[in-house]
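Chemist: You'll find protein-v1.tsv just under this line, and it carries TSV, C-alpha atoms and all ligand atoms.
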```
chain	number	residue	atom	x	y	z
K	1	MET	CA	77.34	135.83	131.02
K	2	LYS	CA	79.19	138.57	132.84
K	3	TYR	CA	81.40	135.94	134.49
K	4	LEU	CA	81.97	134.23	131.19
K	5	LEU	CA	83.09	137.48	129.57
K	6	ALA	CA	85.33	138.23	132.52
K	7	ALA	CA	86.84	134.76	132.33
K	8	LEU	CA	87.34	135.17	128.61
K	9	ALA	CA	89.02	138.54	129.12
K	10	VAL	CA	91.34	137.02	131.73
K	11	SER	CA	92.27	134.06	129.55
K	12	MET	CA	92.95	136.36	126.60
K	13	THR	CA	95.18	138.58	128.73
K	14	ALA	CA	96.97	135.51	130.04
K	15	SER	CA	97.76	134.18	126.59
K	16	ALA	CA	98.74	137.63	125.32
K	17	ALA	CA	101.29	137.80	128.12
K	18	SER	CA	103.23	134.88	126.58
K	19	ALA	CA	102.49	134.80	122.86
K	20	GLN	CA	99.35	135.81	121.07
K	21	SER	CA	97.19	132.81	120.36
K	22	CYS	CA	96.84	131.92	116.71
K	23	PRO	CA	93.71	133.33	115.06
K	24	SER	CA	91.24	130.98	113.43
K	25	TRP	CA	88.82	131.29	110.55
K	26	GLN	CA	85.53	129.56	109.81
K	27	SER	CA	84.06	128.57	106.49
K	28	GLY	CA	81.04	126.34	106.76
K	29	ASP	CA	82.14	123.26	108.67
K	30	LEU	CA	85.80	124.10	108.28
K	31	THR	CA	88.00	125.76	110.87
K	32	LEU	CA	91.42	127.01	109.83
K	33	THR	CA	94.11	127.82	112.38
K	34	ASN	CA	97.87	127.79	113.05
K	35	ALA	CA	98.61	129.46	109.72
K	36	TRP	CA	102.26	130.39	109.35
K	37	SER	CA	105.14	130.85	106.99
K	38	ARG	CA	108.87	131.46	107.23
K	39	ALA	CA	110.72	134.64	106.36
K	40	THR	CA	112.66	134.51	103.09
K	41	ILE	CA	115.98	136.03	102.10
K	42	GLY	CA	114.88	138.20	99.23
K	43	PRO	CA	112.16	137.17	96.75
K	44	ALA	CA	114.26	134.76	94.66
K	45	ARG	CA	113.70	131.58	96.67
K	46	PRO	CA	110.29	129.99	97.20
K	47	ALA	CA	108.43	130.45	100.45
K	48	VAL	CA	106.29	127.99	102.33
K	49	PHE	CA	102.77	128.01	103.78
K	50	TYR	CA	101.44	125.89	106.62
K	51	VAL	CA	97.97	125.70	108.18
K	52	GLU	CA	95.71	123.35	110.08
K	53	ILE	CA	92.25	122.55	108.69
K	54	ALA	CA	89.54	120.88	110.77
K	55	ASN	CA	86.37	119.56	109.19
K	56	ALA	CA	83.61	119.35	111.83
K	57	GLY	CA	80.98	118.42	109.28
K	58	SER	CA	79.71	115.09	108.02
K	59	VAL	CA	80.79	115.60	104.42
K	60	ASP	CA	84.29	115.16	103.03
K	61	ASP	CA	85.94	118.21	101.57
K	62	SER	CA	89.27	118.88	99.93
K	63	LEU	CA	91.66	121.76	99.44
K	64	THR	CA	92.10	122.14	95.71
K	65	ALA	CA	94.13	125.33	95.33
K	66	ILE	CA	95.68	128.31	97.10
K	67	SER	CA	96.22	131.84	95.91
K	68	THR	CA	98.00	134.90	97.30
K	69	PRO	CA	99.08	138.24	95.86
K	70	LEU	CA	102.52	137.43	97.26
K	71	ALA	CA	103.26	134.61	94.82
K	72	GLU	CA	102.75	134.24	91.10
K	73	MET	CA	102.90	130.47	91.33
K	74	PRO	CA	101.48	129.04	94.54
K	75	MET	CA	101.09	125.27	94.58
K	76	LEU	CA	100.15	122.43	96.87
K	77	HIS	CA	103.06	120.08	97.56
K	78	GLU	CA	103.73	117.08	99.68
K	79	THR	CA	107.16	116.19	101.03
K	80	VAL	CA	107.64	112.45	100.73
K	81	VAL	CA	110.63	110.52	102.07
K	82	THR	CA	110.98	107.17	100.29
K	83	ASP	CA	113.97	104.86	100.87
K	84	GLY	CA	115.76	107.77	102.53
K	85	VAL	CA	115.25	110.15	99.62
K	86	ALA	CA	113.12	113.27	99.95
K	87	THR	CA	111.04	114.65	97.11
K	88	MET	CA	108.19	117.13	97.11
K	89	PRO	CA	105.75	116.33	94.35
K	90	HIS	CA	102.84	118.56	93.43
K	91	VAL	CA	99.51	117.28	94.72
K	92	SER	CA	96.28	118.07	92.90
K	93	ASP	CA	94.33	118.35	96.14
K	94	ILE	CA	94.58	117.73	99.88
K	95	PRO	CA	91.66	115.72	101.28
K	96	VAL	CA	89.95	117.06	104.39
K	97	PRO	CA	87.69	114.14	105.37
K	98	ALA	CA	84.57	114.65	107.50
K	99	GLY	CA	85.31	114.80	111.21
K	100	SER	CA	89.07	115.02	110.82
K	101	THR	CA	91.89	117.54	110.97
K	102	VAL	CA	94.52	117.86	108.28
K	103	SER	CA	97.80	119.68	108.81
K	104	LEU	CA	99.96	121.40	106.29
K	105	ALA	CA	103.13	121.14	108.36
K	106	PRO	CA	106.92	120.75	107.98
K	107	GLY	CA	107.82	117.46	106.31
K	108	GLY	CA	104.36	116.85	104.87
K	109	PHE	CA	101.76	118.81	102.94
K	110	HIS	CA	102.70	122.43	102.36
K	111	GLY	CA	101.87	125.38	100.20
K	112	MET	CA	104.85	126.11	97.97
K	113	LEU	CA	104.95	129.79	97.10
K	114	MET	CA	106.99	130.34	93.96
K	115	GLY	CA	107.53	133.48	91.98
K	116	LEU	CA	107.39	135.74	95.02
K	117	THR	CA	106.40	139.33	94.34
K	118	ALA	CA	108.14	140.44	97.54
K	119	ALA	CA	110.36	138.99	100.24
K	120	LEU	CA	108.62	137.66	103.33
K	121	ALA	CA	109.66	139.59	106.43
K	122	GLU	CA	109.50	138.16	109.92
K	123	GLY	CA	106.70	139.62	112.03
K	124	GLU	CA	104.61	140.63	109.04
K	125	SER	CA	101.68	138.76	107.54
K	126	PHE	CA	100.06	138.23	104.16
K	127	PRO	CA	96.63	137.15	102.88
K	128	MET	CA	96.10	133.63	101.58
K	129	THR	CA	93.00	132.36	99.85
K	130	LEU	CA	92.27	128.66	100.15
K	131	ILE	CA	89.89	127.10	97.66
K	132	PHE	CA	87.89	124.10	98.84
K	133	GLU	CA	85.90	121.73	96.70
K	134	ARG	CA	82.76	122.09	98.85
K	135	SER	CA	83.27	125.01	101.21
K	136	GLY	CA	84.43	127.40	98.53
K	137	GLU	CA	86.96	130.13	99.15
K	138	VAL	CA	88.23	131.38	102.46
K	139	THR	CA	90.86	134.09	102.89
K	140	ILE	CA	93.06	134.04	105.95
K	141	ASP	CA	96.00	136.02	107.29
K	142	VAL	CA	99.34	134.18	107.46
K	143	GLY	CA	101.86	135.29	110.07
K	144	ILE	CA	105.52	135.20	109.03
K	145	ALA	CA	107.84	133.54	111.54
K	146	ALA	CA	111.65	133.55	111.59
K	147	TYR	CA	113.82	131.90	108.88
K	148	ALA	CA	114.66	129.08	111.26
K	149	ALA	CA	111.22	128.80	112.86
K	150	ARG	CA	109.91	125.35	113.61
K	151	GLY	CA	106.35	126.49	114.21
K	152	PRO	CA	104.13	129.57	114.15
K	153	ALA	CA	105.13	132.68	116.12
K	154	CYS	CA	101.65	132.74	117.63
K	155	GLN	CA	100.56	130.33	120.34
K	156	PRO	CA	99.18	127.28	118.50
K	157	ASP	CA	95.67	126.24	119.35
K	158	ASP	CA	96.12	122.61	120.38
K	159	SER	CA	92.50	121.97	121.21
I	1	MET	CA	110.56	79.49	64.55
I	2	LEU	CA	113.60	78.10	66.32
I	3	ARG	CA	115.35	81.43	65.90
I	4	LEU	CA	112.46	83.27	67.48
I	5	SER	CA	112.51	81.04	70.52
I	6	ARG	CA	116.23	81.68	70.86
I	7	ILE	CA	115.51	85.37	70.90
I	8	GLN	CA	112.80	84.74	73.43
I	9	LYS	CA	115.27	82.77	75.56
I	10	ALA	CA	117.76	85.58	75.29
I	11	LEU	CA	115.10	88.06	76.33
I	12	TRP	CA	114.20	85.93	79.32
I	13	ILE	CA	117.83	85.71	80.38
I	14	ALA	CA	118.18	89.47	79.95
I	15	ALA	CA	115.07	90.06	82.03
I	16	ILE	CA	116.31	87.78	84.81
I	17	LEU	CA	119.73	89.49	84.81
I	18	ALA	CA	118.05	92.90	84.91
I	19	SER	CA	115.97	91.94	87.89
I	20	PHE	CA	119.14	90.73	89.67
I	21	VAL	CA	120.85	94.05	88.95
I	22	PHE	CA	117.77	95.86	90.17
I	23	ALA	CA	117.71	93.82	93.38
I	24	ILE	CA	121.37	94.61	94.03
I	25	LEU	CA	120.81	98.32	93.41
I	26	LYS	CA	117.78	98.21	95.61
I	27	SER	CA	119.74	96.60	98.45
I	28	GLY	CA	122.29	99.39	98.05
I	29	LEU	CA	119.54	101.90	98.68
I	30	TRP	CA	118.43	100.01	101.74
I	31	SER	CA	121.87	100.21	103.28
I	32	GLU	CA	121.62	104.00	102.87
I	33	GLU	CA	118.45	104.09	104.85
I	34	THR	CA	119.94	102.15	107.72
I	35	PRO	CA	123.50	103.46	107.71
I	36	PRO	CA	126.23	101.16	108.98
I	37	THR	CA	127.59	101.58	112.46
I	38	ILE	CA	131.22	102.54	113.01
I	39	GLU	CA	132.26	98.85	113.04
I	40	SER	CA	130.86	98.19	109.61
I	41	ALA	CA	131.50	101.56	107.98
I	42	ASP	CA	133.87	100.66	105.19
I	43	PHE	CA	133.78	104.07	103.60
I	44	LEU	CA	135.31	107.41	104.42
I	45	PRO	CA	133.09	110.49	104.19
I	46	GLN	CA	135.03	113.25	102.49
I	47	PHE	CA	134.54	116.55	100.74
I	48	SER	CA	136.69	119.10	99.02
I	49	LEU	CA	134.55	122.04	97.97
I	50	PRO	CA	134.86	125.81	97.83
I	51	ASP	CA	133.21	128.11	100.37
I	52	SER	CA	131.58	131.34	99.19
I	53	SER	CA	134.94	133.13	99.05
I	54	GLY	CA	136.19	130.48	96.65
I	55	LYS	CA	138.57	128.95	99.17
I	56	LEU	CA	138.73	125.17	98.94
I	57	ARG	CA	137.59	123.52	102.16
I	58	ASP	CA	138.62	119.95	102.69
I	59	SER	CA	137.17	117.54	105.24
I	60	GLU	CA	140.79	116.97	106.43
I	61	GLU	CA	140.98	120.46	107.89
I	62	PHE	CA	138.22	119.67	110.38
I	63	ARG	CA	139.98	116.74	112.03
I	64	GLY	CA	139.72	117.12	115.78
I	65	ARG	CA	136.17	118.37	115.51
I	66	TRP	CA	132.84	116.69	114.93
I	67	LEU	CA	131.28	117.33	111.56
I	68	LEU	CA	127.53	117.62	111.20
I	69	VAL	CA	126.93	117.51	107.45
I	70	PHE	CA	123.76	118.28	105.53
I	71	PHE	CA	123.31	117.96	101.77
I	72	GLY	CA	120.62	120.29	100.48
I	73	PHE	CA	119.70	123.19	98.26
I	74	THR	CA	118.61	126.70	99.15
I	75	ASN	CA	115.48	126.60	96.96
I	76	CYS	CA	114.01	124.06	99.33
I	77	PRO	CA	111.47	125.71	101.64
I	78	ASP	CA	110.19	122.70	103.57
I	79	VAL	CA	112.71	119.92	104.25
I	80	CYS	CA	115.92	121.97	104.35
I	81	PRO	CA	114.83	124.72	106.78
I	82	THR	CA	113.34	122.08	109.05
I	83	THR	CA	116.63	120.18	109.29
I	84	LEU	CA	118.82	123.29	109.45
I	85	ALA	CA	116.61	124.74	112.18
I	86	GLU	CA	117.10	121.57	114.24
I	87	ALA	CA	120.85	121.74	113.65
I	88	ALA	CA	120.87	125.41	114.73
I	89	GLN	CA	118.97	124.50	117.87
I	90	VAL	CA	121.54	121.79	118.66
I	91	LEU	CA	124.37	124.33	118.32
I	92	ASP	CA	122.59	126.80	120.59
I	93	ASP	CA	121.90	124.11	123.18
I	94	LEU	CA	125.51	122.89	123.12
I	95	GLY	CA	126.66	126.26	124.41
I	96	PRO	CA	130.47	126.46	124.63
I	97	GLN	CA	130.74	122.84	123.41
I	98	ALA	CA	129.42	123.98	120.02
I	99	ALA	CA	132.99	125.04	119.24
I	100	SER	CA	133.91	121.37	118.83
I	101	VAL	CA	131.18	120.84	116.21
I	102	GLN	CA	131.40	122.13	112.65
I	103	PRO	CA	128.06	122.14	110.82
I	104	VAL	CA	128.46	121.99	107.04
I	105	PHE	CA	125.83	122.63	104.39
I	106	ILE	CA	126.82	121.11	101.04
I	107	SER	CA	124.82	122.32	98.07
I	108	ILE	CA	123.57	119.60	95.73
I	109	ASP	CA	122.33	122.36	93.41
I	110	PRO	CA	125.57	124.33	93.24
I	111	GLU	CA	125.04	126.30	90.06
I	112	ARG	CA	121.79	127.89	91.19
I	113	ASP	CA	122.92	128.23	94.80
I	114	LEU	CA	126.09	130.03	93.76
I	115	ALA	CA	123.95	132.46	91.78
I	116	LEU	CA	121.51	132.97	94.68
I	117	GLY	CA	124.23	133.14	97.34
I	118	ILE	CA	124.76	130.48	99.95
I	119	ASP	CA	126.12	132.39	102.96
I	120	ASP	CA	123.03	134.52	103.57
I	121	TYR	CA	121.01	131.32	103.55
I	122	THR	CA	123.17	129.39	106.05
I	123	ALA	CA	123.62	132.51	108.23
I	124	ALA	CA	119.84	132.83	108.49
I	125	PHE	CA	119.91	129.60	110.47
I	126	HIS	CA	123.17	129.81	112.38
I	127	SER	CA	126.36	131.82	111.97
I	128	GLN	CA	128.45	128.71	112.56
I	129	ILE	CA	127.13	126.78	109.55
I	130	LEU	CA	129.66	126.61	106.72
I	131	GLY	CA	128.09	126.62	103.26
I	132	LEU	CA	129.91	124.88	100.42
I	133	ALA	CA	129.11	124.78	96.71
I	134	GLY	CA	131.42	123.53	94.00
I	135	SER	CA	131.58	121.79	90.67
I	136	PRO	CA	129.12	119.02	89.81
I	137	THR	CA	132.01	116.52	89.87
I	138	ALA	CA	133.24	117.54	93.33
I	139	THR	CA	129.65	117.58	94.62
I	140	GLN	CA	129.00	114.09	93.28
I	141	ALA	CA	132.27	112.86	94.79
I	142	ALA	CA	131.30	114.23	98.21
I	143	ALA	CA	127.83	112.68	98.02
I	144	ASP	CA	129.28	109.33	96.92
I	145	SER	CA	131.76	109.32	99.81
I	146	PHE	CA	128.88	109.87	102.25
I	147	ARG	CA	126.90	107.19	100.42
I	148	ILE	CA	124.04	109.57	99.86
I	149	TYR	CA	121.80	110.08	96.89
I	150	PHE	CA	120.69	113.18	95.07
I	151	SER	CA	119.34	113.87	91.63
I	152	ARG	CA	117.99	116.66	89.55
I	153	GLU	CA	114.47	116.11	88.29
I	154	ASP	CA	112.75	118.02	85.55
I	155	ASP	CA	109.53	119.53	86.80
I	156	GLU	CA	107.71	122.09	84.73
I	157	ASN	CA	105.88	123.21	87.88
I	158	ALA	CA	109.08	124.00	89.77
I	159	PRO	CA	111.10	127.22	89.68
I	160	ASP	CA	113.56	127.13	86.72
I	161	GLY	CA	111.86	123.94	85.53
I	162	TYR	CA	113.55	121.50	87.88
I	163	THR	CA	113.69	120.33	91.46
I	164	MET	CA	116.11	118.23	93.48
I	165	SER	CA	115.47	114.97	95.26
I	166	HIS	CA	117.95	114.20	98.00
I	167	SER	CA	118.82	112.34	101.21
I	168	PRO	CA	117.56	114.76	103.84
I	169	GLY	CA	119.36	113.46	106.94
I	170	LEU	CA	122.15	114.98	109.01
I	171	PHE	CA	125.42	113.07	108.92
I	172	LEU	CA	127.83	112.85	111.83
I	173	VAL	CA	131.56	112.45	111.24
I	174	ALA	CA	133.96	111.77	114.12
I	175	PRO	CA	136.99	113.94	114.94
I	176	ASP	CA	139.18	111.27	113.32
I	177	GLY	CA	137.22	111.53	110.08
I	178	GLN	CA	135.29	108.28	110.45
I	179	TRP	CA	131.64	108.03	109.58
I	180	LEU	CA	129.53	107.72	112.73
I	181	ARG	CA	125.88	107.85	111.90
I	182	GLN	CA	122.96	109.47	110.20
I	183	PHE	CA	120.25	111.42	111.99
I	184	ALA	CA	117.27	110.62	109.82
I	185	TYR	CA	115.05	113.43	108.60
I	186	GLY	CA	112.75	114.52	111.42
I	187	THR	CA	115.15	113.66	114.27
I	188	SER	CA	114.56	116.31	116.92
I	189	ALA	CA	117.24	118.67	118.21
I	190	THR	CA	116.80	117.08	121.64
I	191	GLU	CA	117.67	113.61	120.32
I	192	ILE	CA	120.67	114.86	118.34
I	193	LEU	CA	121.91	116.81	121.35
I	194	ALA	CA	121.60	113.77	123.63
I	195	ASP	CA	123.56	111.66	121.13
I	196	LEU	CA	126.34	114.24	120.81
I	197	LYS	CA	126.63	114.80	124.56
I	198	GLU	CA	127.20	111.08	125.05
I	199	ARG	CA	130.11	111.15	122.62
I	200	PHE	CA	131.88	114.22	124.03
C	301	CU	CU	107.47	122.21	98.02
```
Please re-express this file's structure in structure tokens.
Ligand SMILES: [Cu+2]

Modeler:
Amino acid sequence: MKYLLAALAVSMTASAASAQSCPSWQSGDLTLTNAWSRATIGPARPAVFYVEIANAGSVDDSLTAISTPLAEMPMLHETVVTDGVATMPHVSDIPVPAGSTVSLAPGGFHGMLMGLTAALAEGESFPMTLIFERSGEVTIDVGIAAYAARGPACQPDDS
Amino acid sequence: MLRLSRIQKALWIAAILASFVFAILKSGLWSEETPPTIESADFLPQFSLPDSSGKLRDSEEFRGRWLLVFFGFTNCPDVCPTTLAEAAQVLDDLGPQAASVQPVFISIDPERDLALGIDDYTAAFHSQILGLAGSPTATQAAADSFRIYFSREDDENAPDGYTMSHSPGLFLVAPDGQWLRQFAYGTSATEILADLKERF
């Protein structure tokens, strides 16, 4: 146990030396990680929300809604490119099937945060509540990366 | 009775004609998805649109440089930042050679983008990106010359009650003004960079 703790301490120090590893949250069989957003220029334009959701259970779940004090109108969207034309229709829910991982990531599913109550500043974070059909609500902390970020500022957990 | 069947015949003919028209339109869309190579490009990509200071910028003035053109709108938090971030990465990776590439962001939602401001948006990605937004007519003309599609779609769930659908690729124009190719949405900075370096 002592060795395990020591090893853990070392690995944590090692990852902190480069970039902090992304935090994760548990809710029943669900694990949420790699949550991030991009900074916005002022509050007038919509912001985006990305996260990775793993369902380790044996029952299908689905993300039905999101909510944050930062946006009056948060919605679930999916970017679709059909015949070379991109659209991002609203989706009523995002399935998280048993034993699989679903990503809200650039070019696919994303949280669309409209009606911002404040601008999103790089380096800061904001709370986001995800509402699941089976697992209920889970509130996580979303780190804000740069305007031109292509991924989270934290070290993604690729496991 | 005879009259009715004539109408029916007419309707059938109309339906067949409509499906032909649809097929032709559809094939037009396909050619957009797989853009022609330089040999077969029978169109000239052009634009003449004002920058944020109101000065008219014409594609002619960039002859001698490579143009990397993106059609988008600043209220687009997923597709547009992804593509612009890749473009910015390409410019950074090009180093001094970036001077021979002019990245251009053309707003397909000019009215709203002019109100929101376009320069702060492009500058957030890279200082070299030139943002252009003009009249609906000039915007449509530019899009047509690049053979790209965009349209405004009513959406009660979107900010201001509408959203834009658009061709999300990056378009490369040669120093002589000829169309070269499209980098489809999702093409990585590494791939774009490799392509450009081969042409320099
Ligand atoms: Cu969206």

Chemist: Select, as a list in words, those residues of chain K with any atom no more than 6 Å from chain I (distances computed using all atoms listed in the file).

Modeler: Arg45, Ala47, Val48, Gly84, Val85, Ala86, Thr87, Pro106, Gly107 and Ala148 of chain K

Chemist: In Å, with one decimal, what is the gap from atom CA of I:Ser48 to atom CA of I:Phe62?

Modeler: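 Straight-line distance from atom CA of I:Ser48 to atom CA of I:Phe62 works out to 11.5 Å.
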
Chemist: Show me which residues sit within 6 Å of ligand CU 301 (chain C) when counting only C-alpha atoms and all ligand atoms, and put them as a ChimeraX atom specification.

Modeler: /K:77,88,112

Chemist: Determine, counting only C-alpha atoms, which protein, DNA and RNA residues have an atom within 6 Å of an atom of K:Leu130; residues of the same chain fewer than 5 positions away are not included. Present the result as an mmCIF file with C-alpha atoms, in the coordinates of the input.

Modeler:
```cif
data_model
loop_
_atom_site.group_PDB
_atom_site.id
_atom_site.type_symbol
_atom_site.label_atom_id
_atom_site.label_comp_id
_atom_site.auth_asym_id
_atom_site.auth_seq_id
_atom_site.Cartn_x
_atom_site.Cartn_y
_atom_site.Cartn_z
ATOM 1 C CA ILE K 66 95.680 128.310 97.100
ATOM 2 C CA GLU K 137 86.960 130.130 99.150
ATOM 3 C CA VAL K 138 88.230 131.380 102.460
#
```

Chemist: Would you compute the distance between atom CA of K:Leu120 and atom CA of K:Thr68? Give it in Å to one decimal.

Modeler: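 A separation of 12.5 Å between them.
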
Chemist: Identify, on the basis of all atoms listed in the file, every residue whose closest approach to stretch 18-27 of chain K does not exceed 8 Å; exclude the query and any residue fewer than 3 positions from it along the same chain; express the result as a ChimeraX atom specification.

Modeler: /K:14-15,30-35,135,138,140,153-157

Chemist: Could you pull the residues within 10 Å of K:Pro127, counting all atoms listed in the file, minus those fewer than 3 positions along the same chain, as a list in words?

Modeler: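 Within the cut-off, the hits are Ser67, Thr68, Pro69, Leu70, Leu130, Thr139, Ile140, Asp141, Val142 and Gly143 of chain K.
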
Chemist: Provide the atom CA of I:Pro103 to atom CA of I:Phe70 distance in Å, to one decimal place.

Modeler: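 Atom CA of I:Phe70 lies 7.8 Å from atom CA of I:Pro103.
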
Chemist: Using all atoms listed in the file, which of I:Leu44, I:Leu91, I:Ile108, I:Phe183 sits nearest I:Thr137?

Modeler: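 For I:Thr137, the nearest of the candidates is I:Ile108.
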
Chemist: Identify which of the residues I:Ile192, I:Ala115, I:Leu170, I:Leu180 lies closest to I:Ser52, counting all atoms listed in the file when measuring atom-to-atom distances.

Modeler: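 Ranked by minimum distance to I:Ser52, first place goes to I:Ala115.
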
Chemist: Near I:Glu60, counting all atoms listed in the file, which residues have an atom at most 10 Å away, once you skip same-chain residues fewer than 4 positions from it, shown as a PyMOL selection string?

Modeler: chain I and resi 46-48+64+175-177

Chemist: Please identify all polymer residues within 7 Å of stretch 40-43 of chain K, counting all atoms listed in the file, omitting same-chain residues fewer than 5 positions from it, and present them as a list of chain:residue names.

Modeler: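 Returned residues: K:Leu116, K:Thr117, K:Ala118, K:Ala119, K:Leu120, K:Ala121, K:Tyr147.
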
Chemist: Compare K:Gly136, K:Gly28, K:Pro152, K:Gly115 by their minimum atom-to-atom distance to K:Tyr50, counting all atoms listed in the file, and give me the closest one.

Modeler: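 Checking each of K:Gly136, K:Gly28, K:Pro152, K:Gly115 against K:Tyr50, counting all atoms listed in the file, the winner is K:Pro152.
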
Chemist: Nearest to K:Ser125 among K:Leu63, K:Met75, K:Ile53, K:Ala146, with distances taken over all atoms listed in the file: which residue is it?

Modeler: K:Ala146

Chemist: Output requested as a short mmCIF file (atom, residue, chain, number, x, y, z; two decimals), in the frame of the given file - stretch 125-132 of chain I, filled out with all heavy atoms.

Modeler:
```
data_model
loop_
_atom_site.label_atom_id
_atom_site.label_comp_id
_atom_site.auth_asym_id
_atom_site.auth_seq_id
_atom_site.Cartn_x
_atom_site.Cartn_y
_atom_site.Cartn_z
N PHE I 125 120.18 130.66 109.49
CA PHE I 125 119.91 129.60 110.47
C PHE I 125 120.88 129.65 111.63
O PHE I 125 120.49 129.66 112.78
CB PHE I 125 119.94 128.22 109.78
CG PHE I 125 118.83 128.08 108.80
CD1 PHE I 125 119.01 128.36 107.46
CD2 PHE I 125 117.57 127.70 109.23
CE1 PHE I 125 117.97 128.28 106.56
CE2 PHE I 125 116.52 127.61 108.34
CZ PHE I 125 116.72 127.90 107.00
N HIS I 126 122.17 129.71 111.32
CA HIS I 126 123.17 129.81 112.38
C HIS I 126 124.48 130.31 111.78
O HIS I 126 124.89 129.82 110.72
CB HIS I 126 123.37 128.45 113.04
CG HIS I 126 123.96 128.55 114.41
ND1 HIS I 126 125.31 128.77 114.62
CD2 HIS I 126 123.40 128.51 115.64
CE1 HIS I 126 125.54 128.83 115.92
NE2 HIS I 126 124.39 128.68 116.56
N SER I 127 125.12 131.22 112.49
CA SER I 127 126.36 131.82 111.97
C SER I 127 127.48 130.79 111.82
O SER I 127 128.41 130.98 111.05
CB SER I 127 126.81 132.96 112.88
OG SER I 127 126.99 132.45 114.20
N GLN I 128 127.37 129.70 112.56
CA GLN I 128 128.45 128.71 112.56
C GLN I 128 128.41 127.77 111.35
O GLN I 128 129.38 127.08 111.06
CB GLN I 128 128.36 127.89 113.84
CG GLN I 128 129.72 127.53 114.44
CD GLN I 128 129.54 126.57 115.62
OE1 GLN I 128 128.74 126.83 116.51
NE2 GLN I 128 130.28 125.48 115.61
N ILE I 129 127.26 127.72 110.67
CA ILE I 129 127.13 126.78 109.55
C ILE I 129 127.99 127.24 108.37
O ILE I 129 127.92 128.38 107.94
CB ILE I 129 125.65 126.64 109.10
CG1 ILE I 129 124.78 126.16 110.27
CG2 ILE I 129 125.54 125.66 107.93
CD1 ILE I 129 123.27 126.16 109.97
N LEU I 130 128.81 126.32 107.87
CA LEU I 130 129.66 126.61 106.72
C LEU I 130 128.97 126.11 105.46
O LEU I 130 128.63 124.93 105.35
CB LEU I 130 131.01 125.90 106.90
CG LEU I 130 131.99 125.95 105.73
CD1 LEU I 130 132.49 127.37 105.49
CD2 LEU I 130 133.17 125.01 105.96
N GLY I 131 128.74 126.99 104.51
CA GLY I 131 128.09 126.62 103.26
C GLY I 131 129.11 126.36 102.17
O GLY I 131 130.02 127.16 101.95
N LEU I 132 128.99 125.23 101.49
CA LEU I 132 129.91 124.88 100.42
C LEU I 132 129.15 124.58 99.13
O LEU I 132 128.11 123.93 99.15
CB LEU I 132 130.74 123.64 100.81
CG LEU I 132 131.55 123.70 102.12
CD1 LEU I 132 132.22 122.37 102.37
CD2 LEU I 132 132.59 124.82 102.07
#
```
